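One structure is given below, encoded as structure tokens.
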Amino acid sequence: MLSLEKIKDNSQILEFIRQSHLSMQALGYTEHGLRHASLVAKEAQRVAADINLKEKEQQLASIAGFCHDMGNFLGRSQHHYWSALLFHQIFSADFSSEEMALLMQAIANHDKYTMKLTNNISALVVLADKADVHRERVSSKSLEEIKKDKHNRVNYAVTKSDLRVNFTKKQIALVLKIDTNFVPVMEYFEIFTERMAYCRKAAEYLGYKFGLIVNGFKLL
Ligand SMILES: [Fe+2]
Ligand SMILES: [Fe+2]
């Protein structure tokens with residue numbers, strides 16, 4: 001099985017992620033590039049470690065997390081399938097059949113319209129992916145432009161986001177710091193209620209309760 005480090009060294013993968021970032025930027029989406037890929041990989045791995053999953057599952061979660069969005073440059077609506085198929089084409093010789101099936105399933109499963117949680121790896125990728133809300137994801141540079149779009153506005157307002165695991169209490173919380181001068185907390189909810197529902201589903205699949213803490217207040 002290849003390590004995440006080796007996958008990060010693969011020039012095709014890096015180019016797919018770069019092209020996906022450029023495509024998403026051109027279409028006005030939030031950041032879907034190397035920053036997002038690396039963060040989802042890191043967070044999926046960390047949560048897997050914090051809830052005491054085996055080393056192997058931690059590694060699989062980080063690899064699926066890194067590659068989950070790399071098919072966006074081939075088309076947004078089916079990007080999760082493209083990502084899984086590209087992964088298979090490049091790495092079919094580098095993983096066992098079982099590892100490959102789990103990785104492809106977790107990558108193909110992360111999109112909200114087709115999400116079905118059937119194993120820990122896919123739940124970890126969903127959790128890490130949907131929890132990534134942050135000012136750094138906003139591609140538009142001018143404040144004028146940012147203010148015009150709800151998604152940009154809400155992402156821009158989040159200055160700190162952190163997934164916290166409490167192993168003893170079996171809780172996973174998303175802890176956010178929101179600049180309420182920029183966006184009221186209600187607007188955050190309008191946009192992210194759905195996202196939080198997916199985080200909750202994923203946490204529950206892993207046997208955990210999901211919580212949301214915004215500016216020190218427990219909202220969920
Ligand atoms: Fe995606
Ligand atoms: Fe993503």
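Residue numbering restarts at 1 in every chain; chains get A, B, ... in the order shown in the structure tokens, and ligands count up from 1 in that same order.
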
- Near-ligand residues for ligand 2, threshold 7 Å, only C-alpha atoms and all ligand atoms, as JSON, numbers by chain: {"A": [32, 36, 68, 69, 129]}

- Task: Please run DSSP on the backbone and report, as number ranges by chain, all residues within range 5-214 of chain A that come out as alpha helix (DSSP H).
- Result: A: 5-8, 11-26, 34-50, 55-67, 79-91, 97-109, 120-130, 143-148, 150-157, 185-205

Could you write out the selected residues, including C-alpha atoms, as a compact mmCIF listing (two decimals), in the first residue's frame?
```txt
# COMPACT_ATOMS: atom_id res chain seq x y z
CA GLU A 5 3.51 11.01 1.08
CA LYS A 6 4.05 8.97 -2.11
CA ILE A 7 0.63 9.99 -3.41
CA LYS A 8 1.44 13.63 -2.71
CA SER A 11 2.80 14.64 -10.53
CA GLN A 12 -0.47 13.56 -12.22
CA ILE A 13 -2.41 13.76 -8.97
CA LEU A 14 -0.96 17.17 -8.19
CA GLU A 15 -1.84 18.40 -11.67
CA PHE A 16 -5.42 17.07 -11.40
CA ILE A 17 -5.82 18.90 -8.10
CA ARG A 18 -4.35 22.07 -9.59
CA GLN A 19 -6.64 21.90 -12.63
CA SER A 20 -9.64 21.21 -10.39
CA HIS A 21 -8.78 24.27 -8.34
CA LEU A 22 -8.57 26.40 -11.48
CA SER A 23 -11.87 25.02 -12.85
CA MET A 24 -13.69 25.63 -9.58
CA GLN A 25 -12.23 29.11 -9.36
CA ALA A 26 -13.37 29.89 -12.91
CA LEU A 34 -4.27 21.62 -2.60
CA ARG A 35 -5.20 23.42 0.60
CA HIS A 36 -8.61 21.69 0.79
CA ALA A 37 -7.18 18.28 -0.28
CA SER A 38 -4.39 18.42 2.31
CA LEU A 39 -6.69 19.59 5.08
CA VAL A 40 -9.31 16.90 4.45
CA ALA A 41 -6.53 14.28 4.36
CA LYS A 42 -5.06 15.57 7.63
CA GLU A 43 -8.38 15.91 9.46
CA ALA A 44 -9.73 12.52 8.30
CA GLN A 45 -6.53 10.90 9.54
CA ARG A 46 -6.53 12.80 12.84
CA VAL A 47 -10.17 12.01 13.65
CA ALA A 48 -9.51 8.34 12.79
CA ALA A 49 -6.57 8.36 15.22
CA ASP A 50 -8.55 10.23 17.92
CA GLU A 55 -3.33 2.64 11.60
CA LYS A 56 -4.47 1.13 8.31
CA GLU A 57 -7.88 2.84 8.45
CA GLN A 58 -6.18 6.12 9.36
CA GLN A 59 -3.98 5.85 6.28
CA LEU A 60 -6.85 4.92 3.97
CA ALA A 61 -8.93 7.85 5.27
CA SER A 62 -6.09 10.30 4.63
CA ILE A 63 -5.48 9.01 1.09
CA ALA A 64 -9.19 9.11 0.15
CA GLY A 65 -9.39 12.56 1.75
CA PHE A 66 -6.50 13.87 -0.31
CA CYS A 67 -7.91 12.60 -3.62
CA HIS A 79 -16.71 14.87 -9.85
CA HIS A 80 -16.84 12.27 -7.09
CA TYR A 81 -17.06 9.47 -9.68
CA TRP A 82 -14.34 11.00 -11.83
CA SER A 83 -12.09 11.25 -8.79
CA ALA A 84 -12.61 7.59 -7.89
CA LEU A 85 -12.01 6.38 -11.46
CA LEU A 86 -8.89 8.51 -11.91
CA PHE A 87 -7.56 7.14 -8.63
CA HIS A 88 -8.06 3.59 -9.88
CA GLN A 89 -6.38 4.31 -13.21
CA ILE A 90 -3.28 5.74 -11.60
CA PHE A 91 -2.84 3.47 -8.60
CA SER A 97 -8.16 -5.15 -4.24
CA GLU A 98 -9.84 -4.59 -0.90
CA GLU A 99 -7.92 -1.37 -0.20
CA MET A 100 -8.69 -0.09 -3.70
CA ALA A 101 -12.40 -0.85 -3.33
CA LEU A 102 -12.57 0.97 0.02
CA LEU A 103 -10.68 3.97 -1.33
CA MET A 104 -12.81 4.22 -4.46
CA GLN A 105 -16.00 3.86 -2.47
CA ALA A 106 -14.99 6.58 0.01
CA ILE A 107 -14.01 8.97 -2.79
CA ALA A 108 -17.13 8.29 -4.87
CA ASN A 109 -19.41 8.52 -1.87
CA ASN A 120 -15.59 4.06 8.43
CA ILE A 121 -13.35 5.45 5.67
CA SER A 122 -16.26 7.07 3.84
CA ALA A 123 -17.66 8.53 7.09
CA LEU A 124 -14.27 10.07 7.94
CA VAL A 125 -13.93 11.69 4.50
CA VAL A 126 -17.48 13.13 4.70
CA LEU A 127 -16.82 14.55 8.15
CA ALA A 128 -13.49 16.15 7.25
CA ASP A 129 -14.80 17.45 3.92
CA LYS A 130 -18.05 18.98 5.16
CA LEU A 143 -14.60 42.38 -0.24
CA GLU A 144 -17.24 43.81 -2.58
CA GLU A 145 -17.32 40.56 -4.53
CA ILE A 146 -17.27 38.41 -1.40
CA LYS A 147 -20.26 40.25 0.05
CA LYS A 148 -22.35 39.56 -3.07
CA LYS A 150 -23.82 33.99 0.32
CA HIS A 151 -21.40 31.05 0.29
CA ASN A 152 -18.41 33.34 0.03
CA ARG A 153 -19.80 35.59 2.74
CA VAL A 154 -20.33 32.74 5.16
CA ASN A 155 -16.99 31.05 4.47
CA TYR A 156 -15.22 34.39 4.77
CA ALA A 157 -16.81 35.04 8.15
CA VAL A 185 -24.91 33.48 12.77
CA MET A 186 -28.38 32.91 11.28
CA GLU A 187 -27.02 33.26 7.78
CA TYR A 188 -24.39 30.67 8.60
CA PHE A 189 -27.21 28.31 9.49
CA GLU A 190 -29.15 29.01 6.32
CA ILE A 191 -26.20 27.87 4.26
CA PHE A 192 -24.70 25.17 6.42
CA THR A 193 -27.63 23.36 7.99
CA GLU A 194 -27.39 20.73 5.29
CA ARG A 195 -23.63 20.40 5.70
CA MET A 196 -23.99 20.00 9.45
CA ALA A 197 -26.58 17.28 8.87
CA TYR A 198 -24.01 15.33 6.84
CA CYS A 199 -21.41 15.83 9.57
CA ARG A 200 -23.90 14.49 12.10
CA LYS A 201 -24.67 11.47 9.92
CA ALA A 202 -20.96 10.72 9.54
CA ALA A 203 -20.25 11.16 13.25
CA GLU A 204 -23.19 8.92 14.12
CA TYR A 205 -21.95 6.27 11.71
```

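The closest residue to ligand 1, picked from A:Asn52, A:Leu74, A:Lys112, A:Gly28 and counting only C-alpha atoms and all ligand atoms, is A:Lys112.
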